[in-house]
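The structure under discussion appears below in the form of C-alpha cells.
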Amino acid sequence: MPASCSSCAYELGGRTIKYEKGRKSTRRYAKEARNLLIRNGKFYVTPQQTDENFKQLFARLAAAGAGRPSDKQGFADGSWTPETLADAICAIDGNREGVELRSVQVWFQDNENGISDINLRWLARIFGCEDPEATSAWQTELKAAKERLAFQRRQKRKAQANGSAVSPVVLVPPAPPQTLPDTSLDDLKETEPISSQYKPKTLAERCEQLLSGATSLNLLIAYWIVFSGLGVMNYVLGTLSVTYSPQEGLDKQVGFIWAPTLTILPLVALPAFIFYISNLNTYWRRVGRSQCISDRAGSINSKSNAAWYARVNDFAFSFWAIVLFSLLFVFGFQWAGIYLPAYLSGDANGVQIDRYLVALERPDIISIPQAMILSAVGYMYTASYIAIFMLGLLFSLIITFDYEDICTTSALESVEIDRSKLRGAGQMIVWAVFRVVVFALWLAMLVKLQITYLQSDSKDFVTWIRTDAATALGASVPPNGWLENSSISHFTTFMMMVVTVSVFVVCVMKMNSTFTRLALYDSDYPYARDKLAITSMFLVIILLSVSLMLVGRLNGFSWMLAASALASLYVLAGPKLRTV
C-alpha cells in the first residue's frame, strides 16, 4: 500500500475491500478481512489454484486448519489430525456411510495414494466450511490436484517400465508423529522387507510359523514321533490290546490299536489338517497377500512379512486363550479333575473305562502309577492337537478378515486394482478353508466315534460298526446296546462341530460380501461358475455335521458315515473354484 494514497483497495477472499487511510479505517479493514476468513464460524482458506498435487495441497490445508472452528480472533483452533478430520466428515449432514479412519490416515501419509470421488466431495465441504460456493470452488481445486497426482504416478510408472531414471515425485513431508496413530496396521509401510530368517517374538507369530512353510513338516514329524512313543509305551505296558469285563459275558476291547483317536486321527486326519492349513498360511503370506495389495495403497502397502505379522498379532488374545484353554481344560481339567481322582480313589465313578482307566479293572496288566504317567502323556498329546485344531480355524478367519480389509481399503483409496487377481485369491482362500473345515470335522468325528464306542456293549470297534450296518439292512443280529457310563467329550465334539461350521459360513459370507462390494463377479465372470462348487461344499459340510450328531443315536449311522466320507473325498478331488 503506497504511503501517499488516501484511499486504498485490497483483494481478499475474492472480494475487493476499499478503505480510507487512518487508524480507524485500518481496524475496520482488519475486522472485515477476518470476517472474510470465517464462514459459518469456521476458518476459511481461499483456493489459490496452485500446481500442487493432492498430497501437497492437503498437507498445507490440514496444517493450516482449513475448515476448523475459528476463535474470537479469527484463527483456526488448531490443525487437523486423522481422528478429528474423520469425525468432522462423519458429522456432515447427508453422509450416512461416514468415512473409514484408515482412509483419512492415508491422506496424511507420505505416499502416492489419491482419494475416492465420494471422499473428495466430503473433504471439499470441510474446506468450504459448508458454504455452497466455497465448497464448489474447493471441489474443483481438489479434483485438479488429484488429477495432477495421478499424472505423476503414471509418469513414474512409465519411466520405471522403460528402465530410465525416474525423477522423484515431490511429496509433502509426512505429518508430525504426534498426529498419527501410534499403533495401527494402516501406517505400516516397511522400507526393508523382513527376511525369511525373521525370528518370531510373540506367541501369535510363533504359532503362525509353526503352521506354515517347512516348519509345519517339523510339526508333523514331531506328532509322528510322539505317536510312535505312545505306541512303544503301550506295548511295554501291555495295553496295545487289552480288554475288561463291564458286564458278565462281555470282554470289551479298549487297547491302543483299537482307538481311532490314536490310529486314524494321528496318521490321516491330523496330518491332512496341518498340511492344508499350512498351505493356506504359506500361500497367503508369500503370494496371495502381495498380489492383492496395490503398490499405491499406502495404508496396506507393506508386502513384507511385517504387515502380515502385525495382522496376526491383532489376534494375540485369541492365541493365548486357545493355548491356555487347551492346557487348563483339555489337559488339566480332564486329567487332574477326572482321571487323577479315579486313580487315587480306585473307583471310576461312572466315567468311561478306556486304555488309561483300564488299570482300575485290570491291575494285573498295568499298575495305577504306570497308568497315571501314560494318561498324562496321552492327554497332553490330546490337548496339543485340540490346540492345533482351534489354531487352524483361527488362521482361516484371520486370512479371510485380512483379505476383506485389503480389498475394502483398496476400494476406499480409489486405487487401480486387478480384479482377476483379487477374485482368484478369494477363491483360493474359500477352497483352502473348505479343506481345513472338512478335516476339522473329521477330527471331531473320530473323537465322537471313540467315546460312543466306549459307551456301547460291543466287544470291539470293528464289531460295533459292522453290527450297526447289518442292523440297518435288517439282518437278524442283536442291535448294539449301551453301558452305564458317560463322557464330557460328547459336549466337546458338538462344540467342535459348531465352531468349525461357523468358521466356514463366516468365511464364505465375508468373501461373498467382498466380491459383491467390489463387483468381482460381472457379466464376463458370473457367480454361476462358482455356485455349483460352493453348493457342493455346503452339502458336504452339512452331511458331515449330521453324521456326527447321529453317531450312536440311530441304527444305520455307519452308512451315513460312509456316505459323508465318500462325498467329502469326491468334492475334495473334484472340480474346484475357478481362479482365473
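Residues in the C-alpha cells are numbered from 1 in each chain, the chains being A, B, ... in the order shown, and ligands are numbered from 1 in the order shown.
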Just the strand (DSSP E or B) stuff from range 225-461 of chain A, please, per backbone DSSP, written as a list in words. Thr243, Tyr244, Ser245, Pro246, Gln247, Leu250, Asp251, Lys252, Gln253, Val351 and Ser456 of chain A
Please produce a file of those selected residues containing C-alpha atoms, as a PDB file, in the first residue's frame.
ATOM      1  CA  THR A 243      -9.947-105.998  27.457  1.00  0.00           C
ATOM      2  CA  TYR A 244     -12.052-105.640  30.593  1.00  0.00           C
ATOM      3  CA  SER A 245     -15.469-107.026  31.611  1.00  0.00           C
ATOM      4  CA  PRO A 246     -18.066-104.275  32.165  1.00  0.00           C
ATOM      5  CA  GLN A 247     -20.763-106.961  32.417  1.00  0.00           C
ATOM      6  CA  LEU A 250     -18.563-109.296  27.666  1.00  0.00           C
ATOM      7  CA  ASP A 251     -14.855-108.736  27.187  1.00  0.00           C
ATOM      8  CA  LYS A 252     -14.637-105.185  25.833  1.00  0.00           C
ATOM      9  CA  GLN A 253     -11.554-104.107  23.884  1.00  0.00           C
ATOM     10  CA  VAL A 351     -16.561 -92.475  33.866  1.00  0.00           C
ATOM     11  CA  SER A 456     -21.633 -99.338  23.693  1.00  0.00           C
TER      12      SER A 456
END
How close does each residue of range 349-463 of chain A get to range 529-535 of chain A, giving the shortest atom pair and distance in Å to one decimal for every residue with an atom at most 12 Å away, counting only C-alpha atoms, sorted by chain and residue number, as a tab-separated table?
residue	atom	partner	partner_atom	distance
A:Arg423	CA	A:Asp530	CA	11.2
A:Gly424	CA	A:Asp530	CA	11.5
A:Gly426	CA	A:Asp530	CA	11.7
A:Gln427	CA	A:Asp530	CA	8.8
A:Met428	CA	A:Asp530	CA	11.8
A:Val430	CA	A:Ile534	CA	8.7
A:Trp431	CA	A:Ile534	CA	8.7
A:Val433	CA	A:Ile534	CA	11.6
A:Phe434	CA	A:Ile534	CA	9.3
Measuring atom to atom with only C-alpha atoms, identify which of A:Asn111, A:Thr46, A:Ser103, A:Asn485 is nearest to Ile353 in chain A.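 For Ile353 in chain A, the nearest of the given residues is A:Asn485.
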Can you tell me how far CA of Thr81 in chain A sits from CA of Gln105 in chain A, in Å to one decimal?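 Straight-line distance from CA of Thr81 in chain A to CA of Gln105 in chain A works out to 8.5 Å.
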I'd like the neighbourhood of Ser278 in chain A as number ranges by chain, where a residue qualifies if any of its atoms comes within 7 Å (using only C-alpha atoms), though same-chain residues fewer than 5 positions away should be ignored. A: 211-213, 216
Identify, on the basis of only C-alpha atoms, every residue whose closest approach to Arg148 in chain A does not exceed 7 Å; exclude the query and any residue fewer than 4 positions from it along the same chain; express the result as a PDB file with N, CA, C and O atoms, in the first residue's frame.
ATOM      1  N   ASN A  53       0.048 -31.044  -6.101  1.00  0.00           N
ATOM      2  CA  ASN A  53      -0.746 -32.270  -6.231  1.00  0.00           C
ATOM      3  C   ASN A  53      -1.582 -32.444  -4.966  1.00  0.00           C
ATOM      4  O   ASN A  53      -1.507 -31.630  -4.036  1.00  0.00           O
ATOM      5  N   ALA A 144      -8.584 -31.150  -9.386  1.00  0.00           N
ATOM      6  CA  ALA A 144      -7.412 -30.881 -10.213  1.00  0.00           C
ATOM      7  C   ALA A 144      -6.139 -31.394  -9.538  1.00  0.00           C
ATOM      8  O   ALA A 144      -5.252 -31.951 -10.196  1.00  0.00           O
ATOM      9  N   GLN A 152       1.366 -37.747 -12.129  1.00  0.00           N
ATOM     10  CA  GLN A 152       2.722 -38.005 -11.645  1.00  0.00           C
ATOM     11  C   GLN A 152       2.963 -39.491 -11.431  1.00  0.00           C
ATOM     12  O   GLN A 152       4.043 -40.009 -11.724  1.00  0.00           O
TER      13      GLN A 152
END
Using only C-alpha atoms, which of the listed residues (A:Asn313, A:Thr239, A:Thr408, A:Ser486) sits closest to Gly350 in chain A?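 Ranked by minimum distance to Gly350 in chain A, first place goes to A:Ser486.
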Output as a PyMOL selection string all residues of range 430-560 of chain A that backbone DSSP marks as alpha helix (DSSP H). chain A and resi 430-455+461-472+489-518+528-550+557-560
How would the residues just picked look written out with C-alpha atoms as an mmCIF file, in the first residue's frame?
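Output file selection03.cif is given in full below:
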data_model
loop_
_atom_site.group_PDB
_atom_site.id
_atom_site.type_symbol
_atom_site.label_atom_id
_atom_site.label_comp_id
_atom_site.auth_asym_id
_atom_site.auth_seq_id
_atom_site.Cartn_x
_atom_site.Cartn_y
_atom_site.Cartn_z
ATOM 1 C CA VAL A 430 -12.529 -70.331 0.057
ATOM 2 C CA TRP A 431 -11.266 -73.609 -1.348
ATOM 3 C CA ALA A 432 -8.448 -73.882 1.195
ATOM 4 C CA VAL A 433 -10.775 -73.092 4.105
ATOM 5 C CA PHE A 434 -13.155 -75.801 2.887
ATOM 6 C CA ARG A 435 -10.354 -78.358 3.000
ATOM 7 C CA VAL A 436 -9.394 -77.259 6.504
ATOM 8 C CA VAL A 437 -13.022 -77.439 7.660
ATOM 9 C CA VAL A 438 -13.569 -80.925 6.205
ATOM 10 C CA PHE A 439 -10.649 -82.409 8.097
ATOM 11 C CA ALA A 440 -11.539 -80.441 11.211
ATOM 12 C CA LEU A 441 -14.931 -82.144 11.131
ATOM 13 C CA TRP A 442 -13.183 -85.472 10.700
ATOM 14 C CA LEU A 443 -11.118 -84.797 13.801
ATOM 15 C CA ALA A 444 -14.335 -84.189 15.727
ATOM 16 C CA MET A 445 -15.927 -87.256 14.103
ATOM 17 C CA LEU A 446 -13.136 -89.603 15.204
ATOM 18 C CA VAL A 447 -13.352 -88.361 18.789
ATOM 19 C CA LYS A 448 -17.121 -88.858 18.698
ATOM 20 C CA LEU A 449 -16.770 -92.389 17.336
ATOM 21 C CA GLN A 450 -14.284 -93.322 20.038
ATOM 22 C CA ILE A 451 -16.360 -92.120 23.006
ATOM 23 C CA THR A 452 -19.576 -93.564 21.565
ATOM 24 C CA TYR A 453 -17.957 -96.967 21.079
ATOM 25 C CA LEU A 454 -16.756 -96.952 24.703
ATOM 26 C CA GLN A 455 -20.367 -96.374 25.728
ATOM 27 C CA PHE A 461 -14.749 -101.125 17.482
ATOM 28 C CA VAL A 462 -14.983 -103.089 14.220
ATOM 29 C CA THR A 463 -17.779 -105.310 15.549
ATOM 30 C CA TRP A 464 -19.662 -102.231 16.727
ATOM 31 C CA ILE A 465 -19.601 -100.641 13.243
ATOM 32 C CA ARG A 466 -20.392 -103.926 11.491
ATOM 33 C CA THR A 467 -23.342 -104.648 13.796
ATOM 34 C CA ASP A 468 -24.813 -101.210 13.190
ATOM 35 C CA ALA A 469 -24.541 -101.589 9.415
ATOM 36 C CA ALA A 470 -26.112 -105.065 9.481
ATOM 37 C CA THR A 471 -28.957 -103.905 11.737
ATOM 38 C CA ALA A 472 -29.854 -101.119 9.282
ATOM 39 C CA SER A 489 -16.329 -85.403 25.181
ATOM 40 C CA HIS A 490 -19.881 -85.672 23.814
ATOM 41 C CA PHE A 491 -20.313 -81.966 24.506
ATOM 42 C CA THR A 492 -16.765 -81.241 23.333
ATOM 43 C CA THR A 493 -17.319 -82.777 19.910
ATOM 44 C CA PHE A 494 -20.599 -80.919 19.496
ATOM 45 C CA MET A 495 -18.834 -77.604 20.169
ATOM 46 C CA MET A 496 -16.032 -78.564 17.779
ATOM 47 C CA MET A 497 -18.628 -79.114 15.069
ATOM 48 C CA VAL A 498 -20.457 -75.826 15.762
ATOM 49 C CA VAL A 499 -17.248 -73.783 15.717
ATOM 50 C CA THR A 500 -15.999 -75.463 12.547
ATOM 51 C CA VAL A 501 -19.216 -74.933 10.594
ATOM 52 C CA SER A 502 -19.462 -71.341 11.837
ATOM 53 C CA VAL A 503 -15.950 -70.592 10.599
ATOM 54 C CA PHE A 504 -16.776 -71.812 7.102
ATOM 55 C CA VAL A 505 -20.067 -69.889 6.971
ATOM 56 C CA VAL A 506 -18.345 -66.683 8.094
ATOM 57 C CA CYS A 507 -15.583 -67.113 5.526
ATOM 58 C CA VAL A 508 -17.994 -67.661 2.650
ATOM 59 C CA MET A 509 -20.195 -64.736 3.721
ATOM 60 C CA LYS A 510 -17.192 -62.413 4.002
ATOM 61 C CA MET A 511 -15.954 -63.452 0.576
ATOM 62 C CA ASN A 512 -19.379 -63.014 -0.992
ATOM 63 C CA SER A 513 -19.842 -59.547 0.515
ATOM 64 C CA THR A 514 -16.363 -58.510 -0.631
ATOM 65 C CA PHE A 515 -16.981 -59.802 -4.151
ATOM 66 C CA THR A 516 -20.326 -58.007 -4.279
ATOM 67 C CA ARG A 517 -18.899 -54.719 -2.976
ATOM 68 C CA LEU A 518 -16.057 -54.758 -5.495
ATOM 69 C CA ALA A 528 -22.941 -69.190 -11.501
ATOM 70 C CA ARG A 529 -19.480 -70.508 -12.380
ATOM 71 C CA ASP A 530 -18.670 -70.936 -8.700
ATOM 72 C CA LYS A 531 -22.163 -71.506 -7.346
ATOM 73 C CA LEU A 532 -22.139 -75.245 -8.007
ATOM 74 C CA ALA A 533 -18.788 -75.767 -6.277
ATOM 75 C CA ILE A 534 -19.805 -73.714 -3.218
ATOM 76 C CA THR A 535 -23.133 -75.537 -3.021
ATOM 77 C CA SER A 536 -21.282 -78.858 -3.084
ATOM 78 C CA MET A 537 -19.071 -77.644 -0.247
ATOM 79 C CA PHE A 538 -22.045 -76.717 1.900
ATOM 80 C CA LEU A 539 -23.750 -80.056 1.198
ATOM 81 C CA VAL A 540 -20.641 -81.979 2.266
ATOM 82 C CA ILE A 541 -20.295 -79.955 5.458
ATOM 83 C CA ILE A 542 -23.977 -80.444 6.278
ATOM 84 C CA LEU A 543 -23.696 -84.187 5.643
ATOM 85 C CA LEU A 544 -20.613 -84.474 7.856
ATOM 86 C CA SER A 545 -22.287 -82.468 10.633
ATOM 87 C CA VAL A 546 -25.455 -84.548 10.553
ATOM 88 C CA SER A 547 -23.408 -87.746 10.525
ATOM 89 C CA LEU A 548 -21.501 -86.586 13.590
ATOM 90 C CA MET A 549 -24.665 -85.789 15.528
ATOM 91 C CA LEU A 550 -26.296 -89.119 14.622
ATOM 92 C CA PHE A 557 -25.424 -94.299 11.327
ATOM 93 C CA SER A 558 -22.456 -96.158 9.865
ATOM 94 C CA TRP A 559 -23.969 -95.911 6.365
ATOM 95 C CA MET A 560 -24.331 -92.146 6.677
#
Near Ser384 in chain A, counting only C-alpha atoms, which residues have an atom at most 12 Å away, once you skip same-chain residues fewer than 6 positions from it, shown as a list in words?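 So, after excluding close chain neighbours, the residues are Leu219, Ala222, Tyr223, Val226, Pro266, Leu270, Ile322, Val323, Leu324, Phe325, Ser326, Leu327, Leu328, Phe329, Val330, Phe331, Val377, Gly378, Met390 and Leu391 of chain A.
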Please determine, counting only C-alpha atoms, which residue among A:Cys407, A:Pro341, A:Trp224, A:Thr263 has the shortest atom-to-atom distance to Ile293 in chain A.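 Of A:Cys407, A:Pro341, A:Trp224, A:Thr263, the one nearest Ile293 in chain A, counting only C-alpha atoms, is A:Cys407.
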Got a sec: who's within 12 Å of Val236 in chain A, counting only C-alpha atoms, leaving out chain neighbours fewer than 2 positions off, as a PyMOL selection string? chain A and resi 229-234+238-241+256+365-366+370+374
Leaving out Ala336 in chain A and any residue of its chain fewer than 2 positions from it, which residues lie within 12 Å of it when counting only C-alpha atoms, given as a VMD selection string? chain A and resid 327 to 334 338 to 344 372 to 373 375 to 376 379 to 380
What gap, in Å, lies between CA of Val477 in chain A and CA of Asp457 in chain A?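 CA of Asp457 in chain A lies at a distance of 13.8 Å from CA of Val477 in chain A.
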Atomic distance CA of Asp131 in chain A - CA of Glu112 in chain A, expressed in Å with one decimal: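 CA of Glu112 in chain A lies 29.5 Å from CA of Asp131 in chain A.
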